[in-house]
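Structure data (mmCIF, C-alpha atoms) from entry.cif:
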```cif
data_final
loop_
_atom_site.label_atom_id
_atom_site.label_comp_id
_atom_site.auth_asym_id
_atom_site.auth_seq_id
_atom_site.Cartn_x
_atom_site.Cartn_y
_atom_site.Cartn_z
CA MET E 222 86.51 87.53 106.73
CA LYS E 223 89.88 88.87 107.86
CA LEU E 224 92.87 89.41 105.63
CA ALA E 225 96.01 91.52 105.89
CA ARG E 226 97.11 94.82 104.38
CA ALA E 227 100.63 96.04 103.68
CA ILE E 228 102.02 98.37 106.33
CA HIS E 229 105.26 100.37 106.31
CA PHE E 230 106.99 101.77 109.37
CA ASP E 231 109.82 103.36 107.41
CA GLU E 232 111.29 103.46 103.89
CA SER E 233 113.29 100.21 104.18
CA ASP E 234 110.98 98.19 101.88
CA GLN E 235 111.61 100.79 99.17
CA ARG E 236 115.32 99.91 99.34
CA VAL E 237 115.24 96.13 99.82
CA PHE E 238 112.59 94.94 97.36
CA HIS E 239 112.72 95.26 93.57
CA SER E 240 109.07 96.23 93.62
CA PRO E 241 107.66 97.23 97.01
CA ALA E 242 103.98 96.73 97.75
CA ARG E 243 101.80 99.81 98.18
CA THR E 244 100.83 100.73 101.74
CA GLY E 245 97.32 99.48 102.46
CA GLU E 246 97.03 96.95 99.65
CA TRP E 247 95.77 93.44 100.41
CA CYS E 248 98.54 90.87 100.84
CA ILE E 249 98.99 87.13 100.72
CA SER E 250 101.98 84.96 101.46
CA GLY E 251 102.94 84.59 97.81
CA GLY E 252 105.27 81.68 98.47
CA PHE E 253 104.11 80.08 95.21
CA GLU E 254 106.35 82.56 93.40
CA PHE E 255 109.40 80.69 94.69
CA SER E 256 108.29 77.10 94.06
CA ASN E 257 110.96 76.45 91.41
CA TRP E 258 113.79 78.38 93.06
CA SER E 259 117.17 77.03 94.10
CA GLU E 260 119.99 78.45 96.21
CA GLY E 261 121.36 80.10 93.05
CA ASP E 262 118.26 82.30 92.84
CA LEU E 263 118.76 83.71 96.32
CA GLU E 264 120.79 86.85 95.68
CA GLY E 265 120.28 90.52 96.46
CA ARG E 266 116.76 91.87 96.40
CA ALA E 267 115.35 88.56 95.13
CA LYS E 268 116.75 86.89 98.26
CA GLN E 269 115.11 89.56 100.42
CA ALA E 270 111.73 88.97 98.73
CA PHE E 271 112.13 85.23 99.24
CA THR E 272 113.32 85.48 102.84
CA ASN E 273 110.65 87.76 104.29
CA GLY E 274 108.39 89.37 101.72
CA TRP E 275 104.60 89.19 101.70
CA LEU E 276 103.08 89.56 98.22
CA GLY E 277 100.88 92.57 97.59
CA ALA E 278 97.91 91.08 95.74
CA GLU E 279 97.23 94.28 93.82
CA THR E 280 100.67 95.56 92.68
CA PHE E 281 102.41 92.19 93.18
CA GLY E 282 105.20 93.98 95.02
CA ARG E 283 106.62 92.81 98.34
CA VAL E 284 106.34 94.12 101.91
CA SER E 285 107.94 93.09 105.23
CA PHE E 286 104.94 93.64 107.55
CA VAL E 287 101.21 93.16 107.18
CA ALA E 288 98.40 94.10 109.56
CA VAL E 289 95.26 92.02 110.06
CA THR E 290 92.01 93.78 109.17
CA GLN E 291 88.43 93.07 108.14
CA MET E 292 87.68 92.44 104.45
CA GLU E 293 84.31 93.03 102.81
CA PRO E 294 82.85 90.44 100.40
CA VAL E 295 83.05 92.80 97.42
CA GLU E 296 86.76 93.36 98.13
CA HIS E 297 87.28 89.60 98.32
CA GLU E 298 85.70 89.06 94.92
CA ALA E 299 87.85 91.75 93.29
CA LEU E 300 90.97 90.28 94.88
CA VAL E 301 90.20 86.75 93.67
CA HIS E 302 89.63 88.00 90.14
CA GLY E 303 92.82 90.11 90.15
CA LEU E 304 94.94 87.25 91.46
CA ALA E 305 93.46 84.82 88.94
CA GLN E 306 94.28 87.30 86.17
CA HIS E 307 97.84 87.53 87.53
CA PHE E 308 98.14 83.75 87.23
CA VAL E 309 97.08 84.02 83.58
CA ASP E 310 99.40 86.94 82.82
CA MET E 311 102.51 85.81 84.73
CA TYR E 312 102.30 82.03 85.01
CA GLY E 313 100.47 81.02 81.85
CA ALA E 314 97.22 79.76 83.37
CA PRO E 315 94.87 78.98 80.49
CA SER E 316 92.09 81.31 81.68
CA VAL E 317 90.85 83.33 84.63
CA GLU E 318 88.20 80.66 85.21
CA ALA E 319 90.86 77.93 85.38
CA ALA E 320 93.03 80.03 87.72
CA ARG E 321 90.18 81.08 90.00
CA PRO E 322 90.27 78.02 92.34
CA VAL E 323 94.01 78.52 92.89
CA ALA E 324 93.51 82.22 93.59
CA GLU E 325 90.69 81.40 96.01
CA ALA E 326 92.92 78.85 97.78
CA GLU E 327 95.77 81.36 98.16
CA ILE E 328 93.43 83.95 99.64
CA ALA E 329 91.75 81.34 101.88
CA HIS E 330 95.18 80.33 103.21
CA MET E 331 95.90 83.96 104.13
CA ALA E 332 92.44 84.39 105.65
CA GLU E 333 93.07 81.31 107.78
CA LEU E 334 96.35 82.85 109.01
CA CYS E 335 94.52 86.07 109.92
CA ASP E 336 91.28 84.62 111.29
CA GLU E 337 92.35 84.05 114.88
CA HIS E 338 94.05 87.43 115.31
CA ALA E 339 92.65 90.74 116.46
CA PRO E 340 92.56 93.68 114.06
CA ASN E 341 95.91 95.49 113.82
CA THR E 342 97.89 92.37 114.70
CA LEU E 343 101.13 92.45 112.72
CA LEU E 344 102.42 89.41 110.85
CA THR E 345 105.83 88.63 109.38
CA VAL E 346 106.87 85.73 107.19
CA SER E 347 110.19 83.95 106.89
CA ARG E 348 111.10 81.36 104.30
CA GLU E 349 113.84 78.85 103.74
CA LEU E 350 114.60 76.32 101.05
CA THR E 351 114.49 72.74 102.24
CA GLU E 352 114.82 69.37 100.52
CA ALA E 353 111.01 69.27 100.39
CA GLY E 354 110.70 72.78 98.91
CA VAL E 355 109.92 76.18 100.39
CA LYS E 356 109.19 76.22 104.13
CA GLU E 357 107.30 79.21 105.50
CA ALA E 358 107.07 80.32 109.11
CA PHE E 359 104.93 83.15 110.45
CA ARG E 360 105.49 85.47 113.40
CA VAL E 361 102.66 87.28 115.19
CA ILE E 362 103.11 90.67 116.85
CA GLU E 363 100.06 91.43 118.97
CA PRO E 364 98.70 95.01 119.05
CA GLN E 365 99.54 96.84 122.24
CA GLU E 366 97.18 99.17 124.00
CA ALA E 367 98.96 102.50 124.22
CA ASP E 368 98.74 104.52 127.39
CA MET E 369 97.59 107.99 126.33
CA ALA E 370 99.93 109.51 128.91
CA LEU E 371 102.82 108.21 126.82
CA LEU E 372 101.51 109.96 123.72
CA ALA E 373 99.98 113.13 125.11
CA VAL E 374 101.93 116.37 125.41
CA HIS E 375 101.10 118.17 128.62
CA GLY E 376 101.63 121.84 129.17
CA SER E 377 100.65 125.14 127.70
CA LEU E 378 101.58 126.87 124.47
CA ASP E 379 101.93 130.08 126.50
CA GLU E 380 104.87 128.81 128.54
#
```
Would you mind giving the structure from this file in structure tokens?
Amino acid sequence: MKLARAIHFDESDQRVFHSPARTGEWCISGGFEFSNWSEGDLEGRAKQAFTNGWLGAETFGRVSFVAVTQMEPVEHEALVHGLAQHFVDMYGAPSVEAARPVAEAEIAHMAELCDEHAPNTLLTVSRELTEAGVKEAFRVIEPQEADMALLAVHGSLDE
């Protein structure tokens, strides 16, 4: 199974999100967090999280970019359990067992987004409020093969 991990290219997420996700943590869309929002909720850092933040499924912080990678079954199980517990703690689900199918569905949705992409493919999300609710769109940035000549430093330390 493929899923996505948080990736940071600079410190901007530290400045734009109330709670930034940790580099390398598993991420999901997390659009459910905004299901009851209105235009009045879209201000400052909350607006930034709504507009383009993936949800870190471990810290429940937000991140702008995620990278597709392979996930092991044991990692999947821990992630499902942690997300189900989050639904109990933050959203009042009656139990982890009751929240488990919803957690599994959220992770399956993200796995479906990642499934057709090569490892290291970057994904971004954008959201908007519509009459029907929250609309999400996803952008794919394919990994590029780097020419080693562009990265290598040629010469001698003796020069």
Practice problem: Could you jot down the CA of Ala320 (chain E) to CA of Glu254 (chain E) separation for me, Å, one decimal place? | Solution: 14.7 Å
Quiz item: So what does the PyMOL selection byres ((chain E and resi 304) around 10) actually pick up in this one, as a PyMOL selection string?
Solution: chain E and resi 278-279+281+299-303+305-310+317+320-321+323-325+327-328
Convert the current residue selection to file output with C-alpha atoms, as a PDB file, in the coordinates of the input.
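Dumped to result-v9.pdb:
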```
ATOM      1  CA  ALA E 278      97.910  91.080  95.740  1.00  0.00           C
ATOM      2  CA  GLU E 279      97.230  94.280  93.820  1.00  0.00           C
ATOM      3  CA  PHE E 281     102.410  92.190  93.180  1.00  0.00           C
ATOM      4  CA  ALA E 299      87.850  91.750  93.290  1.00  0.00           C
ATOM      5  CA  LEU E 300      90.970  90.280  94.880  1.00  0.00           C
ATOM      6  CA  VAL E 301      90.200  86.750  93.670  1.00  0.00           C
ATOM      7  CA  HIS E 302      89.630  88.000  90.140  1.00  0.00           C
ATOM      8  CA  GLY E 303      92.820  90.110  90.150  1.00  0.00           C
ATOM      9  CA  ALA E 305      93.460  84.820  88.940  1.00  0.00           C
ATOM     10  CA  GLN E 306      94.280  87.300  86.170  1.00  0.00           C
ATOM     11  CA  HIS E 307      97.840  87.530  87.530  1.00  0.00           C
ATOM     12  CA  PHE E 308      98.140  83.750  87.230  1.00  0.00           C
ATOM     13  CA  VAL E 309      97.080  84.020  83.580  1.00  0.00           C
ATOM     14  CA  ASP E 310      99.400  86.940  82.820  1.00  0.00           C
ATOM     15  CA  VAL E 317      90.850  83.330  84.630  1.00  0.00           C
ATOM     16  CA  ALA E 320      93.030  80.030  87.720  1.00  0.00           C
ATOM     17  CA  ARG E 321      90.180  81.080  90.000  1.00  0.00           C
ATOM     18  CA  VAL E 323      94.010  78.520  92.890  1.00  0.00           C
ATOM     19  CA  ALA E 324      93.510  82.220  93.590  1.00  0.00           C
ATOM     20  CA  GLU E 325      90.690  81.400  96.010  1.00  0.00           C
ATOM     21  CA  GLU E 327      95.770  81.360  98.160  1.00  0.00           C
ATOM     22  CA  ILE E 328      93.430  83.950  99.640  1.00  0.00           C
TER      23      ILE E 328
END
```
Self-check item: Å distance separating CA of Val284 (chain E) from CA of Lys223 (chain E), one decimal place
Solution: 18.3 Å
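What the PyMOL selection byres ((chain E and resi 283) around 6) matches in the given file is Pro241, Ala242, Gly274, Trp275, Leu276, Gly277, Gly282 and Val284 of chain E.
Closest approach to Leu344 (chain E) among E:Met331, E:Ala326, E:Ala288, E:Ala319: E:Ala288, based on only C-alpha atoms.
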Quiz item: By how many Å are CA of Ala314 (chain E) and CA of Ser256 (chain E) apart?
Solution: 15.6 Å
Practice problem: May I have the residues at most 8 Å from (98.5, 90.6, 109.1) in the file's coordinates, counting all atoms listed in the file, as a list of chain:residue names? | Solution: E:Leu224, E:Ala225, E:Arg226, E:Ala227, E:Phe286, E:Val287, E:Ala288, E:Val289, E:Thr290, E:Cys335, E:Asn341, E:Thr342, E:Leu343, E:Leu344, E:Thr345
With 4 Å of padding per side, what axis-aligned box (centre and edge lengths, Å, one decimal) covers all the listed atoms of region 319-327 of chain E? Give it as JSON.
```
{"center_x": 93.0, "center_y": 80.1, "center_z": 91.8, "size_x": 13.6, "size_y": 12.3, "size_z": 20.8}
```
Pull out every residue that the PyMOL selection byres ((chain E and resi 355) around 12) matches in the shown coordinates and put them as a PDB file with C-alpha atoms, in the frame of the given file.
```pdb
ATOM      1  CA  SER E 250     101.980  84.960 101.460  1.00  0.00           C
ATOM      2  CA  GLY E 251     102.940  84.590  97.810  1.00  0.00           C
ATOM      3  CA  GLY E 252     105.270  81.680  98.470  1.00  0.00           C
ATOM      4  CA  PHE E 253     104.110  80.080  95.210  1.00  0.00           C
ATOM      5  CA  GLU E 254     106.350  82.560  93.400  1.00  0.00           C
ATOM      6  CA  PHE E 255     109.400  80.690  94.690  1.00  0.00           C
ATOM      7  CA  SER E 256     108.290  77.100  94.060  1.00  0.00           C
ATOM      8  CA  ASN E 257     110.960  76.450  91.410  1.00  0.00           C
ATOM      9  CA  TRP E 258     113.790  78.380  93.060  1.00  0.00           C
ATOM     10  CA  SER E 259     117.170  77.030  94.100  1.00  0.00           C
ATOM     11  CA  GLU E 260     119.990  78.450  96.210  1.00  0.00           C
ATOM     12  CA  PHE E 271     112.130  85.230  99.240  1.00  0.00           C
ATOM     13  CA  THR E 272     113.320  85.480 102.840  1.00  0.00           C
ATOM     14  CA  SER E 347     110.190  83.950 106.890  1.00  0.00           C
ATOM     15  CA  ARG E 348     111.100  81.360 104.300  1.00  0.00           C
ATOM     16  CA  GLU E 349     113.840  78.850 103.740  1.00  0.00           C
ATOM     17  CA  LEU E 350     114.600  76.320 101.050  1.00  0.00           C
ATOM     18  CA  THR E 351     114.490  72.740 102.240  1.00  0.00           C
ATOM     19  CA  GLU E 352     114.820  69.370 100.520  1.00  0.00           C
ATOM     20  CA  ALA E 353     111.010  69.270 100.390  1.00  0.00           C
ATOM     21  CA  GLY E 354     110.700  72.780  98.910  1.00  0.00           C
ATOM     22  CA  LYS E 356     109.190  76.220 104.130  1.00  0.00           C
ATOM     23  CA  GLU E 357     107.300  79.210 105.500  1.00  0.00           C
ATOM     24  CA  ALA E 358     107.070  80.320 109.110  1.00  0.00           C
TER      25      ALA E 358
END
```
